[in-house]
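J.: Enclosed is the structure file coords_16.cif (mmCIF, C-alpha atoms).
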```
data_target
#
loop_
_atom_site.group_PDB
_atom_site.id
_atom_site.type_symbol
_atom_site.label_atom_id
_atom_site.label_comp_id
_atom_site.auth_asym_id
_atom_site.auth_seq_id
_atom_site.Cartn_x
_atom_site.Cartn_y
_atom_site.Cartn_z
ATOM 1 C CA MET I 1 112.363 128.155 95.081
ATOM 2 C CA ALA I 2 112.088 124.913 93.111
ATOM 3 C CA VAL I 3 114.589 122.946 95.234
ATOM 4 C CA THR I 4 112.682 121.014 97.890
ATOM 5 C CA SER I 5 115.508 118.926 99.366
ATOM 6 C CA VAL I 6 119.257 118.377 99.351
ATOM 7 C CA ASP I 7 120.291 115.065 100.913
ATOM 8 C CA LYS I 8 123.901 114.112 101.623
ATOM 9 C CA ASP I 9 124.045 110.365 102.316
ATOM 10 C CA PHE I 10 127.596 109.497 103.359
ATOM 11 C CA GLU I 11 126.763 105.818 103.929
ATOM 12 C CA ASN I 12 125.641 105.354 100.313
ATOM 13 C CA LEU I 13 128.027 108.003 98.886
ATOM 14 C CA THR I 14 125.211 110.021 97.300
ATOM 15 C CA LEU I 15 124.110 113.609 96.981
ATOM 16 C CA THR I 16 120.459 113.927 95.972
ATOM 17 C CA VAL I 17 118.813 117.194 94.958
ATOM 18 C CA THR I 18 115.047 117.228 94.427
ATOM 19 C CA CYS I 19 113.023 119.958 92.711
ATOM 20 C CA ASP I 20 109.281 120.282 92.388
ATOM 21 C CA LEU I 21 108.454 122.187 89.225
ATOM 22 C CA PRO I 22 105.300 123.758 87.783
ATOM 23 C CA SER I 23 105.776 122.004 84.443
ATOM 24 C CA SER I 24 104.916 118.748 82.736
ATOM 25 C CA VAL I 25 107.387 115.882 82.570
ATOM 26 C CA GLU I 26 107.943 116.644 78.879
ATOM 27 C CA ARG I 27 108.620 120.344 79.522
ATOM 28 C CA THR I 28 110.978 119.505 82.389
ATOM 29 C CA TRP I 29 112.880 117.134 80.087
ATOM 30 C CA GLU I 30 113.482 120.028 77.669
ATOM 31 C CA LEU I 31 115.640 121.654 80.367
ATOM 32 C CA TRP I 32 118.105 118.838 79.690
ATOM 33 C CA SER I 33 117.496 118.014 76.028
ATOM 34 C CA ASP I 34 117.842 121.579 74.716
ATOM 35 C CA PRO I 35 121.448 122.800 75.164
ATOM 36 C CA ARG I 36 120.394 126.464 75.092
ATOM 37 C CA GLN I 37 117.997 125.882 77.996
ATOM 38 C CA LEU I 38 120.554 123.742 79.836
ATOM 39 C CA GLU I 39 123.153 126.493 79.762
ATOM 40 C CA ARG I 40 120.669 128.941 81.289
ATOM 41 C CA TRP I 41 120.616 126.993 84.546
ATOM 42 C CA TRP I 42 123.481 124.440 84.645
ATOM 43 C CA GLY I 43 125.984 126.139 86.882
ATOM 44 C CA PRO I 44 125.544 128.620 89.727
ATOM 45 C CA PRO I 45 124.486 132.164 88.743
ATOM 46 C CA THR I 46 128.063 133.462 89.112
ATOM 47 C CA TYR I 47 129.424 130.587 86.971
ATOM 48 C CA PRO I 48 127.133 130.348 83.929
ATOM 49 C CA ALA I 49 127.596 127.400 81.592
ATOM 50 C CA THR I 50 128.277 127.344 77.867
ATOM 51 C CA VAL I 51 127.397 124.013 76.272
ATOM 52 C CA GLY I 52 129.491 122.765 73.356
ATOM 53 C CA ARG I 53 128.837 119.189 72.320
ATOM 54 C CA HIS I 54 125.377 117.905 73.299
ATOM 55 C CA GLU I 55 124.576 114.298 72.424
ATOM 56 C CA LEU I 56 121.954 112.849 74.772
ATOM 57 C CA THR I 57 122.179 109.327 73.392
ATOM 58 C CA PRO I 58 123.819 106.259 74.948
ATOM 59 C CA GLY I 59 127.527 106.524 74.197
ATOM 60 C CA GLY I 60 127.201 110.254 73.494
ATOM 61 C CA ALA I 61 128.799 113.116 75.348
ATOM 62 C CA VAL I 62 128.019 116.592 76.583
ATOM 63 C CA THR I 63 130.801 119.133 77.012
ATOM 64 C CA TYR I 64 130.537 122.516 78.655
ATOM 65 C CA PHE I 65 132.482 125.128 80.527
ATOM 66 C CA MET I 66 131.472 127.452 83.322
ATOM 67 C CA THR I 67 132.867 130.975 83.326
ATOM 68 C CA GLY I 68 133.584 132.569 86.692
ATOM 69 C CA PRO I 69 133.300 136.230 87.636
ATOM 70 C CA GLU I 70 137.009 136.777 86.902
ATOM 71 C CA GLY I 71 136.749 135.159 83.464
ATOM 72 C CA ASP I 72 138.186 131.841 84.672
ATOM 73 C CA GLN I 73 136.832 128.787 82.855
ATOM 74 C CA HIS I 74 136.114 125.375 84.366
ATOM 75 C CA HIS I 75 135.479 122.585 81.855
ATOM 76 C CA GLY I 76 133.088 119.719 82.464
ATOM 77 C CA TRP I 77 131.767 116.721 80.584
ATOM 78 C CA TRP I 78 129.166 113.991 80.711
ATOM 79 C CA LEU I 79 129.456 110.536 79.176
ATOM 80 C CA ILE I 80 125.898 109.389 78.512
ATOM 81 C CA GLU I 81 125.119 105.855 79.644
ATOM 82 C CA ARG I 82 121.313 105.536 79.560
ATOM 83 C CA VAL I 83 118.466 107.658 78.218
ATOM 84 C CA ASP I 84 114.756 107.032 78.676
ATOM 85 C CA ALA I 85 113.301 110.334 77.451
ATOM 86 C CA PRO I 86 111.482 112.105 79.007
ATOM 87 C CA ARG I 87 111.778 110.153 82.269
ATOM 88 C CA SER I 88 115.431 109.434 83.044
ATOM 89 C CA LEU I 89 119.023 110.029 82.134
ATOM 90 C CA GLU I 90 122.188 108.460 83.527
ATOM 91 C CA PHE I 91 125.698 109.714 82.879
ATOM 92 C CA THR I 92 129.223 109.927 84.214
ATOM 93 C CA ASP I 93 129.955 113.507 85.249
ATOM 94 C CA GLY I 94 133.458 114.910 85.433
ATOM 95 C CA PHE I 95 135.633 117.977 85.169
ATOM 96 C CA GLY I 96 138.502 118.375 82.724
ATOM 97 C CA GLN I 97 139.294 119.390 79.187
ATOM 98 C CA THR I 98 138.077 116.241 77.456
ATOM 99 C CA PRO I 99 135.287 113.703 78.065
ATOM 100 C CA GLY I 100 136.443 110.778 80.146
ATOM 101 C CA ASP I 101 139.505 112.563 81.553
ATOM 102 C CA PRO I 102 138.780 113.733 85.092
ATOM 103 C CA GLY I 103 142.324 114.951 85.675
ATOM 104 C CA ASP I 104 142.748 115.409 89.434
ATOM 105 C CA MET I 105 138.995 115.674 90.059
ATOM 106 C CA PRO I 106 136.846 112.649 90.860
ATOM 107 C CA ALA I 107 134.135 111.683 88.393
ATOM 108 C CA GLY I 108 130.763 110.527 89.637
ATOM 109 C CA THR I 109 127.637 108.950 88.240
ATOM 110 C CA MET I 110 124.527 111.118 87.962
ATOM 111 C CA ARG I 111 121.004 109.852 87.533
ATOM 112 C CA LEU I 112 118.143 112.146 86.615
ATOM 113 C CA ASP I 113 114.569 111.025 87.201
ATOM 114 C CA VAL I 114 111.543 113.092 86.162
ATOM 115 C CA GLU I 115 108.067 112.073 87.294
ATOM 116 C CA GLU I 116 104.609 113.561 87.538
ATOM 117 C CA HIS I 117 104.018 115.222 90.893
ATOM 118 C CA GLY I 118 100.926 117.176 91.877
ATOM 119 C CA ASP I 119 100.138 119.730 89.156
ATOM 120 C CA GLY I 120 103.655 119.543 87.754
ATOM 121 C CA SER I 121 106.728 117.363 87.923
ATOM 122 C CA ARG I 122 109.410 116.276 90.342
ATOM 123 C CA MET I 123 113.008 116.252 89.145
ATOM 124 C CA THR I 124 115.477 114.230 91.195
ATOM 125 C CA LEU I 125 119.207 114.332 90.470
ATOM 126 C CA ARG I 126 121.298 111.808 92.380
ATOM 127 C CA THR I 127 125.089 111.838 92.229
ATOM 128 C CA THR I 128 126.925 108.713 93.351
ATOM 129 C CA PHE I 129 130.591 109.127 94.228
ATOM 130 C CA PRO I 130 133.236 106.399 93.793
ATOM 131 C CA THR I 131 134.713 106.851 97.293
ATOM 132 C CA HIS I 132 134.103 108.658 100.557
ATOM 133 C CA GLU I 133 137.152 110.830 99.803
ATOM 134 C CA ALA I 134 135.738 111.818 96.409
ATOM 135 C CA MET I 135 132.425 112.793 97.998
ATOM 136 C CA GLU I 136 134.180 114.851 100.671
ATOM 137 C CA GLN I 137 136.344 116.599 98.049
ATOM 138 C CA MET I 138 133.372 117.588 95.896
ATOM 139 C CA LEU I 139 131.246 118.690 98.853
ATOM 140 C CA ASN I 140 134.130 120.746 100.251
ATOM 141 C CA MET I 141 134.347 122.492 96.866
ATOM 142 C CA GLY I 142 130.704 123.548 97.262
ATOM 143 C CA MET I 143 128.997 121.037 94.968
ATOM 144 C CA ALA I 144 125.804 120.810 97.062
ATOM 145 C CA GLU I 145 125.421 124.568 97.289
ATOM 146 C CA GLY I 146 126.303 125.008 93.614
ATOM 147 C CA MET I 147 123.700 122.456 92.541
ATOM 148 C CA GLN I 148 121.091 124.113 94.727
ATOM 149 C CA GLU I 149 121.896 127.550 93.275
ATOM 150 C CA ALA I 150 121.902 126.186 89.726
ATOM 151 C CA MET I 151 118.585 124.400 90.098
ATOM 152 C CA GLY I 152 117.146 127.485 91.757
ATOM 153 C CA GLN I 153 117.329 129.139 88.324
ATOM 154 C CA ILE I 154 115.080 126.574 86.636
ATOM 155 C CA GLU I 155 111.759 128.256 87.353
ATOM 156 C CA SER I 156 112.849 131.411 85.492
ATOM 157 C CA VAL I 157 113.842 129.273 82.492
ATOM 158 C CA LEU I 158 110.446 127.574 82.570
ATOM 159 C CA ALA I 159 108.682 130.960 82.748
ATOM 160 C CA SER I 160 110.397 132.325 79.630
#
```
As structure tokens - that is how I would like this structure written.
T.:
Amino acid sequence: MAVTSVDKDFENLTLTVTCDLPSSVERTWELWSDPRQLERWWGPPTYPATVGRHELTPGGAVTYFMTGPEGDQHHGWWLIERVDAPRSLEFTDGFGQTPGDPGDMPAGTMRLDVEEHGDGSRMTLRTTFPTHEAMEQMLNMGMAEGMQEAMGQIESVLAS
């Protein structure tokens, strides 16, 4: 499995998931920059993602929805803040029908870092929550497990 660690840091309000991958930094970046590749792993296996809008530029947005086993759809969005391709990406991550509207769900800040590691690359995704309550809510909904399951699909995307 590609996921090497999942760290819940309640003091700093962060959830950090780290993956070591058998791919170059540039190839790992394609997992994010290509919406068709992104939808093959973003979301747990039982909630696959469909990406709509995909603008990985500062001020841009990404919209998607995950479809559950019963056909239920859960909409999500990213508001892109910083991009340093192929090394890093920072965005606000939320759930809801439209970008910037988290509804009753807390939005967080995600930072992706991709670096050379051994014969491949290391991908680190750190989510920072606005409050302790927001972190608890998202973790209680299974965010850590969902991220681990989602990122566990990456190696099969890289192999295809």
J.: List as a ChimeraX atom specification the protein and nucleic acid residues near region 69-78 of chain I, meaning an atom at most 8 Å away when only C-alpha atoms are counted, but skip any in the same chain fewer than 6 places from it.
T.: /I:46-47,61-63,91-100
J.: Quick one: axis-aligned box around all listed atoms of region 136-151 of chain I, 4 Å on every side, centre and edge lengths in Å to one decimal, written as JSON.
T.:
```
{"center_x": 127.5, "center_y": 121.2, "center_z": 95.2, "size_x": 25.8, "size_y": 20.7, "size_z": 18.9}
```
J.: Which polymer residues have any atom within 7 Å of an atom of region 9-17 of chain I, counting only C-alpha atoms, with same-chain residues fewer than 5 positions away left out, as a list in words?
T.: Thr124, Leu125, Arg126, Thr127, Thr128, Phe129, Thr131, His132 and Met135 of chain I
J.: Written as a VMD selection string, what is the full residue list that the PyMOL selection byres ((chain I and resi 148-150) around 12) yields on the file shown?
T.: chain I and resid 1 to 7 15 to 19 38 to 49 66 124 to 125 142 to 147 151 to 157
J.: Measure the distance from CA of Met110 (chain I) to CA of Ala159 (chain I) in Å and round it to one decimal.
T.: 25.9 Å
J.: So that I can check the surroundings of Arg87 (chain I), please list as a ChimeraX atom specification every protein, DNA and RNA residue that reaches within 6 Å of it, counting all atoms listed in the file and ignoring chain neighbours fewer than 2 positions away.
T.: /I:84-85,113-114
J.: Leaving out Ser121 (chain I) and any residue of its chain fewer than 4 positions from it, which residues lie within 10 Å of it when counting all atoms listed in the file, given as a compact mmCIF listing (two decimals) with C-alpha atoms, in the frame of the given file?
T.:
```txt
# COMPACT_ATOMS: atom_id res chain seq x y z
CA CYS I 19 113.02 119.96 92.71
CA ASP I 20 109.28 120.28 92.39
CA LEU I 21 108.45 122.19 89.22
CA PRO I 22 105.30 123.76 87.78
CA SER I 23 105.78 122.00 84.44
CA SER I 24 104.92 118.75 82.74
CA VAL I 25 107.39 115.88 82.57
CA GLU I 26 107.94 116.64 78.88
CA ARG I 27 108.62 120.34 79.52
CA THR I 28 110.98 119.50 82.39
CA TRP I 29 112.88 117.13 80.09
CA VAL I 114 111.54 113.09 86.16
CA GLU I 115 108.07 112.07 87.29
CA GLU I 116 104.61 113.56 87.54
CA HIS I 117 104.02 115.22 90.89
```
J.: Rounded to one decimal in Å, what is the spacing between CA of Pro106 (chain I) and CA of Glu133 (chain I)?
T.: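 About the pair CA of Pro106 (chain I) and CA of Glu133 (chain I): they are 9.1 Å apart.
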J.: What's the separation between CA of Gly60 (chain I) and CA of Trp32 (chain I), in Å to one decimal place?
T.: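 Distance between the two atoms: 14.0 Å.
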J.: For Tyr64 (chain I), which residue out of I:Ile80, I:Leu139, I:Pro35, I:Ala134 is the nearest one, using all atoms listed in the file?
T.: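 That would be I:Pro35, the residue with the smallest distance to Tyr64 (chain I).
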J.: Generate N, CA, C and O atoms for region 47-58 of chain I and emit them as a compact mmCIF listing (two decimals), in the coordinates of the input.
T.:
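Below you can see out-v6.txt, which holds the result:
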```
# COMPACT_ATOMS: atom_id res chain seq x y z
N TYR I 47 128.62 131.44 87.85
CA TYR I 47 129.42 130.59 86.97
C TYR I 47 128.55 130.01 85.86
O TYR I 47 128.32 128.80 85.78
N PRO I 48 128.03 130.85 84.98
CA PRO I 48 127.13 130.35 83.93
C PRO I 48 127.85 129.38 82.98
O PRO I 48 129.04 129.48 82.74
N ALA I 49 127.06 128.45 82.47
CA ALA I 49 127.60 127.40 81.59
C ALA I 49 127.44 127.77 80.12
O ALA I 49 126.48 128.45 79.74
N THR I 50 128.37 127.29 79.32
CA THR I 50 128.28 127.34 77.87
C THR I 50 128.43 125.91 77.39
O THR I 50 129.44 125.26 77.67
N VAL I 51 127.40 125.41 76.72
CA VAL I 51 127.40 124.01 76.27
C VAL I 51 127.99 123.94 74.87
O VAL I 51 127.60 124.70 73.99
N GLY I 52 128.91 123.00 74.67
CA GLY I 52 129.49 122.76 73.36
C GLY I 52 128.80 121.58 72.71
O GLY I 52 127.72 121.69 72.15
N ARG I 53 129.40 120.45 72.83
CA ARG I 53 128.84 119.19 72.32
C ARG I 53 127.64 118.79 73.19
O ARG I 53 127.69 118.93 74.41
N HIS I 54 126.59 118.29 72.56
CA HIS I 54 125.38 117.90 73.30
C HIS I 54 124.71 116.72 72.61
O HIS I 54 123.91 116.90 71.70
N GLU I 55 125.09 115.53 73.02
CA GLU I 55 124.58 114.30 72.42
C GLU I 55 123.95 113.44 73.52
O GLU I 55 124.64 112.66 74.17
N LEU I 56 122.64 113.61 73.73
CA LEU I 56 121.95 112.85 74.77
C LEU I 56 121.49 111.50 74.22
O LEU I 56 120.30 111.23 74.14
N THR I 57 122.44 110.69 73.86
CA THR I 57 122.18 109.33 73.39
C THR I 57 123.19 108.42 74.08
O THR I 57 124.31 108.86 74.39
N PRO I 58 122.85 107.16 74.33
CA PRO I 58 123.82 106.26 74.95
C PRO I 58 125.13 106.24 74.15
O PRO I 58 125.11 106.11 72.93
```
